[in-house]
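Below is the file work15.csv, which contains CSV, N, CA and C atoms.
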```csv
chain,number,residue,atom,x,y,z
A,1,MET,N,0.0,-18.5,4.9
A,1,MET,CA,-1.3,-19.1,5.3
A,1,MET,C,-2.4,-18.1,5.3
A,2,LEU,N,-3.5,-18.6,5.0
A,2,LEU,CA,-4.7,-17.7,5.0
A,2,LEU,C,-5.6,-18.2,6.2
A,3,VAL,N,-6.1,-17.2,6.9
A,3,VAL,CA,-7.1,-17.5,7.9
A,3,VAL,C,-8.3,-16.6,7.7
A,4,ALA,N,-9.5,-17.2,7.7
A,4,ALA,CA,-10.7,-16.5,7.7
A,4,ALA,C,-11.3,-16.7,9.1
A,5,PHE,N,-11.7,-15.6,9.7
A,5,PHE,CA,-12.3,-15.7,11.1
A,5,PHE,C,-13.4,-14.7,11.3
A,6,SER,N,-14.2,-15.1,12.2
A,6,SER,CA,-15.3,-14.2,12.6
A,6,SER,C,-15.3,-14.2,14.2
A,7,VAL,N,-15.3,-13.1,14.8
A,7,VAL,CA,-15.4,-13.0,16.2
A,7,VAL,C,-16.5,-12.1,16.6
A,8,ALA,N,-17.2,-12.5,17.6
A,8,ALA,CA,-18.4,-11.6,18.1
A,8,ALA,C,-18.7,-11.9,19.5
A,9,PRO,N,-19.1,-10.9,20.2
A,9,PRO,CA,-19.5,-11.1,21.6
A,9,PRO,C,-20.9,-11.7,21.6
A,10,SER,N,-21.2,-12.4,22.7
A,10,SER,CA,-22.6,-12.8,22.9
A,10,SER,C,-22.9,-12.5,24.4
A,11,GLY,N,-24.2,-12.4,24.7
A,11,GLY,CA,-24.6,-12.0,26.0
A,11,GLY,C,-24.4,-10.5,26.2
A,12,SER,N,-24.9,-10.0,27.3
A,12,SER,CA,-24.8,-8.6,27.6
A,12,SER,C,-24.0,-8.4,28.8
A,13,ASN,N,-23.5,-7.2,29.0
A,13,ASN,CA,-22.8,-6.9,30.3
A,13,ASN,C,-23.0,-5.4,30.5
A,14,ASP,N,-22.4,-4.9,31.5
A,14,ASP,CA,-22.6,-3.4,31.8
A,14,ASP,C,-22.1,-2.5,30.7
A,15,ALA,N,-21.0,-2.9,30.0
A,15,ALA,CA,-20.4,-2.1,29.0
A,15,ALA,C,-21.3,-2.2,27.7
A,16,ASN,N,-22.1,-3.2,27.6
A,16,ASN,CA,-22.9,-3.4,26.3
A,16,ASN,C,-24.2,-4.0,26.7
A,17,PRO,N,-25.1,-3.3,27.4
A,17,PRO,CA,-26.3,-3.8,27.9
A,17,PRO,C,-27.3,-4.4,26.9
A,18,HIS,N,-27.2,-3.9,25.6
A,18,HIS,CA,-28.1,-4.3,24.6
A,18,HIS,C,-27.6,-5.5,23.7
A,19,GLY,N,-26.3,-5.9,24.0
A,19,GLY,CA,-25.8,-7.0,23.2
A,19,GLY,C,-25.4,-6.7,21.8
A,20,SER,N,-25.2,-5.4,21.4
A,20,SER,CA,-24.9,-5.0,20.0
A,20,SER,C,-23.5,-5.5,19.7
A,21,VAL,N,-23.3,-5.8,18.4
A,21,VAL,CA,-22.0,-6.4,18.0
A,21,VAL,C,-21.2,-5.4,17.1
A,22,HIS,N,-21.7,-4.4,16.5
A,22,HIS,CA,-21.0,-3.6,15.6
A,22,HIS,C,-19.8,-2.9,16.2
A,23,ASP,N,-19.9,-2.4,17.4
A,23,ASP,CA,-18.7,-1.8,18.0
A,23,ASP,C,-17.6,-2.8,18.4
A,24,ALA,N,-18.1,-4.0,18.7
A,24,ALA,CA,-17.1,-5.1,19.0
A,24,ALA,C,-16.4,-5.5,17.8
A,25,VAL,N,-17.1,-5.7,16.7
A,25,VAL,CA,-16.5,-6.1,15.4
A,25,VAL,C,-15.5,-5.0,15.0
A,26,ALA,N,-15.9,-3.8,15.1
A,26,ALA,CA,-15.0,-2.6,14.7
A,26,ALA,C,-13.7,-2.7,15.5
A,27,ALA,N,-13.8,-3.0,16.8
A,27,ALA,CA,-12.6,-3.2,17.6
A,27,ALA,C,-11.7,-4.3,17.1
A,28,ALA,N,-12.3,-5.4,16.7
A,28,ALA,CA,-11.5,-6.5,16.2
A,28,ALA,C,-10.9,-6.2,14.8
A,29,VAL,N,-11.7,-5.5,14.0
A,29,VAL,CA,-11.1,-5.2,12.6
A,29,VAL,C,-10.0,-4.2,12.8
A,30,LYS,N,-10.1,-3.3,13.7
A,30,LYS,CA,-9.0,-2.3,13.9
A,30,LYS,C,-7.7,-3.0,14.3
A,31,VAL,N,-7.8,-4.0,15.1
A,31,VAL,CA,-6.6,-4.8,15.4
A,31,VAL,C,-6.0,-5.4,14.1
A,32,VAL,N,-6.9,-6.0,13.3
A,32,VAL,CA,-6.4,-6.6,12.0
A,32,VAL,C,-5.7,-5.5,11.2
A,33,ARG,N,-6.4,-4.4,11.0
A,33,ARG,CA,-5.8,-3.4,10.1
A,33,ARG,C,-4.5,-2.8,10.6
A,34,GLU,N,-4.4,-2.7,11.9
A,34,GLU,CA,-3.1,-2.2,12.5
A,34,GLU,C,-2.0,-3.3,12.5
A,35,SER,N,-2.3,-4.5,12.2
A,35,SER,CA,-1.3,-5.6,12.2
A,35,SER,C,-0.3,-5.5,11.1
A,36,GLY,N,-0.8,-4.8,10.0
A,36,GLY,CA,0.1,-4.7,8.8
A,36,GLY,C,0.0,-5.9,7.9
A,37,LEU,N,-0.7,-7.0,8.3
A,37,LEU,CA,-0.8,-8.1,7.4
A,37,LEU,C,-1.8,-7.9,6.3
A,38,PRO,N,-1.7,-8.5,5.2
A,38,PRO,CA,-2.7,-8.4,4.1
A,38,PRO,C,-4.0,-8.9,4.7
A,39,HIS,N,-5.1,-8.2,4.4
A,39,HIS,CA,-6.4,-8.6,5.0
A,39,HIS,C,-7.6,-8.1,4.1
A,40,ARG,N,-8.7,-8.7,4.3
A,40,ARG,CA,-10.0,-8.3,3.7
A,40,ARG,C,-11.1,-8.6,4.6
A,41,THR,N,-12.0,-7.6,4.8
A,41,THR,CA,-13.1,-7.8,5.6
A,41,THR,C,-14.4,-7.8,4.8
A,42,THR,N,-15.2,-8.8,5.0
A,42,THR,CA,-16.5,-8.9,4.3
A,42,THR,C,-17.6,-8.8,5.4
A,43,SER,N,-18.9,-9.0,4.9
A,43,SER,CA,-20.0,-8.9,5.9
A,43,SER,C,-20.0,-10.0,6.9
A,44,MET,N,-19.3,-11.1,6.6
A,44,MET,CA,-19.3,-12.2,7.5
A,44,MET,C,-18.0,-12.6,8.2
A,45,PHE,N,-16.9,-12.4,7.5
A,45,PHE,CA,-15.6,-12.8,7.9
A,45,PHE,C,-14.5,-11.8,7.6
A,46,THR,N,-13.4,-11.9,8.3
A,46,THR,CA,-12.2,-11.2,8.0
A,46,THR,C,-11.2,-12.2,7.6
A,47,GLU,N,-10.5,-12.0,6.5
A,47,GLU,CA,-9.4,-12.9,6.1
A,47,GLU,C,-8.1,-12.1,6.3
A,48,ILE,N,-7.1,-12.9,6.8
A,48,ILE,CA,-5.8,-12.3,6.9
A,48,ILE,C,-4.8,-13.3,6.3
A,49,GLU,N,-3.6,-12.8,5.9
A,49,GLU,CA,-2.6,-13.7,5.3
A,49,GLU,C,-1.3,-13.4,6.0
A,50,GLY,N,-0.6,-14.4,6.3
A,50,GLY,CA,0.8,-14.3,6.9
A,50,GLY,C,1.6,-15.5,6.6
A,51,GLU,N,2.9,-15.4,6.9
A,51,GLU,CA,3.8,-16.4,6.6
A,51,GLU,C,3.8,-17.5,7.7
A,52,THR,N,3.5,-17.2,8.9
A,52,THR,CA,3.7,-18.2,10.0
A,52,THR,C,2.4,-18.2,10.9
A,53,TRP,N,2.2,-19.4,11.5
A,53,TRP,CA,1.2,-19.6,12.5
A,53,TRP,C,1.2,-18.5,13.5
A,54,ASP,N,2.4,-18.2,14.0
A,54,ASP,CA,2.5,-17.3,15.2
A,54,ASP,C,2.1,-15.9,14.8
A,55,GLU,N,2.4,-15.4,13.6
A,55,GLU,CA,2.0,-14.0,13.3
A,55,GLU,C,0.5,-13.9,13.0
A,56,VAL,N,0.0,-14.9,12.4
A,56,VAL,CA,-1.5,-14.9,12.1
A,56,VAL,C,-2.3,-15.1,13.3
A,57,MET,N,-1.9,-16.1,14.1
A,57,MET,CA,-2.7,-16.4,15.3
A,57,MET,C,-2.6,-15.3,16.4
A,58,ASP,N,-1.5,-14.6,16.4
A,58,ASP,CA,-1.4,-13.5,17.3
A,58,ASP,C,-2.4,-12.4,17.0
A,59,VAL,N,-2.6,-12.2,15.7
A,59,VAL,CA,-3.6,-11.2,15.3
A,59,VAL,C,-5.0,-11.7,15.7
A,60,VAL,N,-5.3,-12.9,15.4
A,60,VAL,CA,-6.6,-13.5,15.8
A,60,VAL,C,-6.8,-13.4,17.3
A,61,LYS,N,-5.8,-13.7,18.0
A,61,LYS,CA,-5.9,-13.7,19.5
A,61,LYS,C,-6.2,-12.2,20.0
A,62,ARG,N,-5.4,-11.3,19.4
A,62,ARG,CA,-5.6,-9.9,19.9
A,62,ARG,C,-7.0,-9.3,19.4
A,63,ALA,N,-7.5,-9.8,18.3
A,63,ALA,CA,-8.8,-9.3,17.8
A,63,ALA,C,-9.9,-9.9,18.7
A,64,THR,N,-9.7,-11.2,19.1
A,64,THR,CA,-10.6,-11.8,20.1
A,64,THR,C,-10.6,-11.1,21.4
A,65,GLU,N,-9.4,-10.8,21.9
A,65,GLU,CA,-9.3,-10.0,23.2
A,65,GLU,C,-10.0,-8.7,23.1
A,66,ALA,N,-9.9,-8.0,21.9
A,66,ALA,CA,-10.5,-6.7,21.7
A,66,ALA,C,-12.0,-6.8,21.9
A,67,VAL,N,-12.6,-7.9,21.6
A,67,VAL,CA,-14.1,-8.1,21.7
A,67,VAL,C,-14.5,-8.5,23.1
A,68,LEU,N,-13.6,-9.0,23.9
A,68,LEU,CA,-14.0,-9.4,25.3
A,68,LEU,C,-14.8,-8.4,26.1
A,69,PRO,N,-14.5,-7.1,26.1
A,69,PRO,CA,-15.2,-6.2,26.9
A,69,PRO,C,-16.7,-6.0,26.5
A,70,PHE,N,-17.1,-6.5,25.3
A,70,PHE,CA,-18.4,-6.2,24.8
A,70,PHE,C,-19.5,-7.2,25.1
A,71,GLY,N,-19.1,-8.2,25.8
A,71,GLY,CA,-20.1,-9.3,26.2
A,71,GLY,C,-19.7,-10.1,27.3
A,72,SER,N,-20.5,-11.1,27.7
A,72,SER,CA,-20.2,-11.9,28.8
A,72,SER,C,-19.4,-13.2,28.3
A,73,ARG,N,-19.3,-13.3,26.9
A,73,ARG,CA,-18.5,-14.4,26.3
A,73,ARG,C,-18.3,-14.0,24.9
A,74,VAL,N,-17.4,-14.7,24.2
A,74,VAL,CA,-17.0,-14.4,22.8
A,74,VAL,C,-17.0,-15.7,22.0
A,75,SER,N,-17.6,-15.6,20.8
A,75,SER,CA,-17.6,-16.7,19.8
A,75,SER,C,-16.6,-16.4,18.8
A,76,LEU,N,-15.8,-17.4,18.5
A,76,LEU,CA,-14.7,-17.3,17.4
A,76,LEU,C,-14.9,-18.5,16.5
A,77,VAL,N,-15.1,-18.1,15.2
A,77,VAL,CA,-15.1,-19.1,14.1
A,77,VAL,C,-13.9,-18.9,13.2
A,78,LEU,N,-13.1,-20.0,12.9
A,78,LEU,CA,-11.9,-19.8,12.2
A,78,LEU,C,-11.7,-20.9,11.2
A,79,LYS,N,-11.3,-20.6,10.0
A,79,LYS,CA,-10.9,-21.5,9.0
A,79,LYS,C,-9.6,-21.1,8.4
A,80,ALA,N,-8.7,-22.1,8.2
A,80,ALA,CA,-7.3,-21.8,7.7
A,80,ALA,C,-7.0,-22.6,6.5
A,81,ASP,N,-6.2,-22.0,5.6
A,81,ASP,CA,-5.7,-22.6,4.4
A,81,ASP,C,-4.2,-22.5,4.6
A,82,ILE,N,-3.6,-23.7,4.9
A,82,ILE,CA,-2.1,-23.7,5.2
A,82,ILE,C,-1.4,-24.3,4.0
A,83,ARG,N,-0.7,-23.4,3.3
A,83,ARG,CA,0.0,-23.8,2.1
A,83,ARG,C,1.4,-23.2,2.1
A,84,PRO,N,2.3,-23.9,2.8
A,84,PRO,CA,3.7,-23.4,2.9
A,84,PRO,C,4.3,-23.0,1.5
A,85,GLY,N,5.1,-21.9,1.5
A,85,GLY,CA,5.8,-21.5,0.3
A,85,GLY,C,5.0,-20.6,-0.6
A,86,TYR,N,3.7,-20.4,-0.3
A,86,TYR,CA,2.9,-19.5,-1.1
A,86,TYR,C,2.6,-18.2,-0.4
A,87,ALA,N,2.6,-17.1,-1.2
A,87,ALA,CA,2.2,-15.8,-0.7
A,87,ALA,C,1.3,-15.2,-1.7
A,88,GLY,N,0.6,-14.1,-1.3
A,88,GLY,CA,-0.3,-13.4,-2.2
A,88,GLY,C,-1.5,-14.2,-2.5
A,89,GLU,N,-1.9,-15.2,-1.7
A,89,GLU,CA,-3.0,-16.0,-2.0
A,89,GLU,C,-4.4,-15.3,-1.7
A,90,LEU,N,-4.3,-14.3,-0.8
A,90,LEU,CA,-5.5,-13.6,-0.5
A,90,LEU,C,-6.2,-13.1,-1.8
A,91,ASP,N,-5.4,-12.6,-2.7
A,91,ASP,CA,-5.9,-12.2,-4.0
A,91,ASP,C,-5.8,-13.2,-5.1
A,92,GLY,N,-4.7,-14.0,-5.0
A,92,GLY,CA,-4.4,-15.0,-6.0
A,92,GLY,C,-5.6,-16.1,-6.2
A,93,LYS,N,-6.1,-16.5,-5.1
A,93,LYS,CA,-7.2,-17.5,-5.1
A,93,LYS,C,-8.4,-16.9,-5.9
A,94,ILE,N,-8.7,-15.6,-5.6
A,94,ILE,CA,-9.9,-15.0,-6.2
A,94,ILE,C,-9.6,-14.8,-7.7
A,95,GLU,N,-8.4,-14.4,-8.1
A,95,GLU,CA,-8.0,-14.2,-9.5
A,95,GLU,C,-8.1,-15.5,-10.3
A,96,ARG,N,-7.7,-16.6,-9.7
A,96,ARG,CA,-7.8,-17.9,-10.3
A,96,ARG,C,-9.3,-18.3,-10.5
A,97,LEU,N,-10.1,-18.0,-9.5
A,97,LEU,CA,-11.5,-18.4,-9.6
A,97,LEU,C,-12.2,-17.6,-10.7
A,98,GLU,N,-11.9,-16.3,-10.8
A,98,GLU,CA,-12.5,-15.5,-11.8
A,98,GLU,C,-12.1,-15.9,-13.2
A,99,ARG,N,-10.8,-16.3,-13.4
A,99,ARG,CA,-10.3,-16.9,-14.7
A,99,ARG,C,-11.1,-18.1,-15.0
A,100,ALA,N,-11.3,-19.0,-14.0
A,100,ALA,CA,-12.0,-20.3,-14.2
A,100,ALA,C,-13.4,-20.0,-14.6
A,101,ILE,N,-14.1,-19.0,-14.0
A,101,ILE,CA,-15.4,-18.7,-14.4
A,101,ILE,C,-15.5,-18.1,-15.8
A,102,GLU,N,-14.5,-17.3,-16.2
A,102,GLU,CA,-14.5,-16.7,-17.5
A,102,GLU,C,-14.2,-17.8,-18.5
A,103,ASP,N,-13.3,-18.7,-18.2
A,103,ASP,CA,-13.0,-19.9,-19.1
A,103,ASP,C,-14.2,-20.8,-19.3
A,104,SER,N,-14.9,-21.0,-18.3
A,104,SER,CA,-16.1,-21.9,-18.4
A,104,SER,C,-17.3,-21.3,-19.1
A,105,ALA,N,-17.3,-19.9,-19.2
A,105,ALA,CA,-18.3,-19.3,-19.9
A,105,ALA,C,-18.3,-19.6,-21.4
A,106,GLY,N,-17.1,-19.8,-21.9
A,106,GLY,CA,-16.9,-20.2,-23.3
A,106,GLY,C,-17.3,-21.6,-23.6
A,107,ASP,N,-17.4,-22.4,-22.6
A,107,ASP,CA,-17.9,-23.8,-22.8
A,107,ASP,C,-19.4,-24.0,-22.9
A,108,GLN,N,-20.1,-22.9,-22.6
A,108,GLN,CA,-21.6,-23.0,-22.5
A,108,GLN,C,-22.1,-22.9,-24.0
A,109,PRO,N,-23.2,-23.6,-24.3
A,109,PRO,CA,-23.8,-23.6,-25.6
A,109,PRO,C,-24.5,-22.3,-25.8
```

What is this file in structure tokens?
Amino acid sequence: MLVAFSVAPSGSNDANPHGSVHDAVAAAVKVVRESGLPHRTTSMFTEIEGETWDEVMDVVKRATEAVLPFGSRVSLVLKADIRPGYAGELDGKIERLERAIEDSAGDQP
């Protein structure tokens, strides 16, 4: 299963009086990297891949908890692609997309 998620604090607190998010996001991404699961972080989301709900959602939960100290509340956005029996889709989906783009370039006049 693939999960794309974004987690960020909102509001300010004593630990983060200016409401900055980069330190909080760094704390969440550190959790993902230490998980050992295949992952990719972009400017808007972090994608992770795992075999089970439990292993993937555990990482999302721990990443969310890592952000808690940085604000008075936390926002979590999550999207999942649940496809039992498939692995390597973090890269596989992108590879298939690139091939489709290349193939369609030949169809152009």

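The interatomic distance for the pair atom C of A:Val56 and atom CA of A:Val21 works out to 22.0 Å.
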
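Taking only N, CA and C atoms, the non-local environment of stretch 74-85 of chain A within 5 Å (same-chain residues fewer than 6 positions away omitted) comprises A:Met1, A:Leu2, A:Val3, A:Ala4, A:Phe5, A:Ser6, A:Val7, A:Ala8, A:Pro9, A:Ser10.
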
Mind listing the helix (DSSP H, G or I) residues of stretch 4-104 of chain A, per DSSP on the backbone, as JSON, numbers by chain?
{"A": [22, 23, 24, 25, 26, 27, 28, 29, 30, 31, 32, 33, 34, 35, 53, 54, 55, 56, 57, 58, 59, 60, 61, 62, 63, 64, 65, 66, 67, 68, 69, 70, 89, 90, 91, 92, 93, 94, 95, 96, 97, 98, 99, 100, 101, 102, 103, 104]}

Could you tell me how far atom N of A:Leu68 lies from atom CA of A:Ala24, in Å and to one decimal?
7.2 Å

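Straight-line separation from atom CA of A:Thr64 to atom CA of A:Val25: 9.5 Å.
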
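Distances here use only C-alpha atoms; by that measure, the residue among A:Met44, A:Val31, A:Asp107, A:Glu102 closest to A:Glu65 is A:Val31.
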
A:Gly88 surroundings by all atoms listed in the file, 8 Å radius, close-in-sequence under 5 positions cut, as a VMD selection string
chain A and resid 1 49 to 50 93 to 94

Per DSSP on the backbone, filter chain A down to the residues in strand (DSSP E or B) and report them as a PyMOL selection string.
chain A and resi 2-10+13+16+39-41+46-49+73-81

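Of the residues under consideration (A:Gly11, A:Arg96, A:Asp54, A:Ala63), A:Ala63 shows the shortest atom-to-atom contact distance to A:Glu34 when counting only C-alpha atoms.
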
Where atoms are absent from stretch 64-89 of chain A, fill them in so it carries N, CA, C and O atoms, then output it as an mmCIF file, in the coordinates of the input.
```cif
data_model
loop_
_atom_site.group_PDB
_atom_site.id
_atom_site.type_symbol
_atom_site.label_atom_id
_atom_site.label_comp_id
_atom_site.auth_asym_id
_atom_site.auth_seq_id
_atom_site.Cartn_x
_atom_site.Cartn_y
_atom_site.Cartn_z
ATOM 1 N N THR A 64 -9.700 -11.200 19.100
ATOM 2 C CA THR A 64 -10.600 -11.800 20.100
ATOM 3 C C THR A 64 -10.600 -11.100 21.400
ATOM 4 O O THR A 64 -11.657 -10.807 21.978
ATOM 5 N N GLU A 65 -9.400 -10.800 21.900
ATOM 6 C CA GLU A 65 -9.300 -10.000 23.200
ATOM 7 C C GLU A 65 -10.000 -8.700 23.100
ATOM 8 O O GLU A 65 -10.506 -8.170 24.069
ATOM 9 N N ALA A 66 -9.900 -8.000 21.900
ATOM 10 C CA ALA A 66 -10.500 -6.700 21.700
ATOM 11 C C ALA A 66 -12.000 -6.800 21.900
ATOM 12 O O ALA A 66 -12.685 -5.783 22.192
ATOM 13 N N VAL A 67 -12.600 -7.900 21.600
ATOM 14 C CA VAL A 67 -14.100 -8.100 21.700
ATOM 15 C C VAL A 67 -14.500 -8.500 23.100
ATOM 16 O O VAL A 67 -15.683 -8.248 23.455
ATOM 17 N N LEU A 68 -13.600 -9.000 23.900
ATOM 18 C CA LEU A 68 -14.000 -9.400 25.300
ATOM 19 C C LEU A 68 -14.800 -8.400 26.100
ATOM 20 O O LEU A 68 -15.779 -8.814 26.750
ATOM 21 N N PRO A 69 -14.500 -7.100 26.100
ATOM 22 C CA PRO A 69 -15.200 -6.200 26.900
ATOM 23 C C PRO A 69 -16.700 -6.000 26.500
ATOM 24 O O PRO A 69 -17.455 -5.356 27.199
ATOM 25 N N PHE A 70 -17.100 -6.500 25.300
ATOM 26 C CA PHE A 70 -18.400 -6.200 24.800
ATOM 27 C C PHE A 70 -19.500 -7.200 25.100
ATOM 28 O O PHE A 70 -20.622 -7.097 24.653
ATOM 29 N N GLY A 71 -19.100 -8.200 25.800
ATOM 30 C CA GLY A 71 -20.100 -9.300 26.200
ATOM 31 C C GLY A 71 -19.700 -10.100 27.300
ATOM 32 O O GLY A 71 -18.580 -9.971 27.823
ATOM 33 N N SER A 72 -20.500 -11.100 27.700
ATOM 34 C CA SER A 72 -20.200 -11.900 28.800
ATOM 35 C C SER A 72 -19.400 -13.200 28.300
ATOM 36 O O SER A 72 -18.796 -13.905 29.035
ATOM 37 N N ARG A 73 -19.300 -13.300 26.900
ATOM 38 C CA ARG A 73 -18.500 -14.400 26.300
ATOM 39 C C ARG A 73 -18.300 -14.000 24.900
ATOM 40 O O ARG A 73 -18.859 -13.063 24.337
ATOM 41 N N VAL A 74 -17.400 -14.700 24.200
ATOM 42 C CA VAL A 74 -17.000 -14.400 22.800
ATOM 43 C C VAL A 74 -17.000 -15.700 22.000
ATOM 44 O O VAL A 74 -16.615 -16.750 22.447
ATOM 45 N N SER A 75 -17.600 -15.600 20.800
ATOM 46 C CA SER A 75 -17.600 -16.700 19.800
ATOM 47 C C SER A 75 -16.600 -16.400 18.800
ATOM 48 O O SER A 75 -16.494 -15.306 18.197
ATOM 49 N N LEU A 76 -15.800 -17.400 18.500
ATOM 50 C CA LEU A 76 -14.700 -17.300 17.400
ATOM 51 C C LEU A 76 -14.900 -18.500 16.500
ATOM 52 O O LEU A 76 -14.976 -19.638 16.855
ATOM 53 N N VAL A 77 -15.100 -18.100 15.200
ATOM 54 C CA VAL A 77 -15.100 -19.100 14.100
ATOM 55 C C VAL A 77 -13.900 -18.900 13.200
ATOM 56 O O VAL A 77 -13.600 -17.779 12.850
ATOM 57 N N LEU A 78 -13.100 -20.000 12.900
ATOM 58 C CA LEU A 78 -11.900 -19.800 12.200
ATOM 59 C C LEU A 78 -11.700 -20.900 11.200
ATOM 60 O O LEU A 78 -12.049 -22.096 11.466
ATOM 61 N N LYS A 79 -11.300 -20.600 10.000
ATOM 62 C CA LYS A 79 -10.900 -21.500 9.000
ATOM 63 C C LYS A 79 -9.600 -21.100 8.400
ATOM 64 O O LYS A 79 -9.301 -19.958 8.187
ATOM 65 N N ALA A 80 -8.700 -22.100 8.200
ATOM 66 C CA ALA A 80 -7.300 -21.800 7.700
ATOM 67 C C ALA A 80 -7.000 -22.600 6.500
ATOM 68 O O ALA A 80 -7.446 -23.762 6.307
ATOM 69 N N ASP A 81 -6.200 -22.000 5.600
ATOM 70 C CA ASP A 81 -5.700 -22.600 4.400
ATOM 71 C C ASP A 81 -4.200 -22.500 4.600
ATOM 72 O O ASP A 81 -3.585 -21.479 4.457
ATOM 73 N N ILE A 82 -3.600 -23.700 4.900
ATOM 74 C CA ILE A 82 -2.100 -23.700 5.200
ATOM 75 C C ILE A 82 -1.400 -24.300 4.000
ATOM 76 O O ILE A 82 -1.565 -25.456 3.682
ATOM 77 N N ARG A 83 -0.700 -23.400 3.300
ATOM 78 C CA ARG A 83 0.000 -23.800 2.100
ATOM 79 C C ARG A 83 1.400 -23.200 2.100
ATOM 80 O O ARG A 83 1.659 -22.123 1.585
ATOM 81 N N PRO A 84 2.300 -23.900 2.800
ATOM 82 C CA PRO A 84 3.700 -23.400 2.900
ATOM 83 C C PRO A 84 4.300 -23.000 1.500
ATOM 84 O O PRO A 84 4.123 -23.740 0.538
ATOM 85 N N GLY A 85 5.100 -21.900 1.500
ATOM 86 C CA GLY A 85 5.800 -21.500 0.300
ATOM 87 C C GLY A 85 5.000 -20.600 -0.600
ATOM 88 O O GLY A 85 5.470 -20.212 -1.639
ATOM 89 N N TYR A 86 3.700 -20.400 -0.300
ATOM 90 C CA TYR A 86 2.900 -19.500 -1.100
ATOM 91 C C TYR A 86 2.600 -18.200 -0.400
ATOM 92 O O TYR A 86 2.353 -18.163 0.771
ATOM 93 N N ALA A 87 2.600 -17.100 -1.200
ATOM 94 C CA ALA A 87 2.200 -15.800 -0.700
ATOM 95 C C ALA A 87 1.300 -15.200 -1.700
ATOM 96 O O ALA A 87 1.268 -15.592 -2.870
ATOM 97 N N GLY A 88 0.600 -14.100 -1.300
ATOM 98 C CA GLY A 88 -0.300 -13.400 -2.200
ATOM 99 C C GLY A 88 -1.500 -14.200 -2.500
ATOM 100 O O GLY A 88 -2.238 -13.885 -3.518
ATOM 101 N N GLU A 89 -1.900 -15.200 -1.700
ATOM 102 C CA GLU A 89 -3.000 -16.000 -2.000
ATOM 103 C C GLU A 89 -4.400 -15.300 -1.700
ATOM 104 O O GLU A 89 -5.413 -15.738 -2.122
#
```
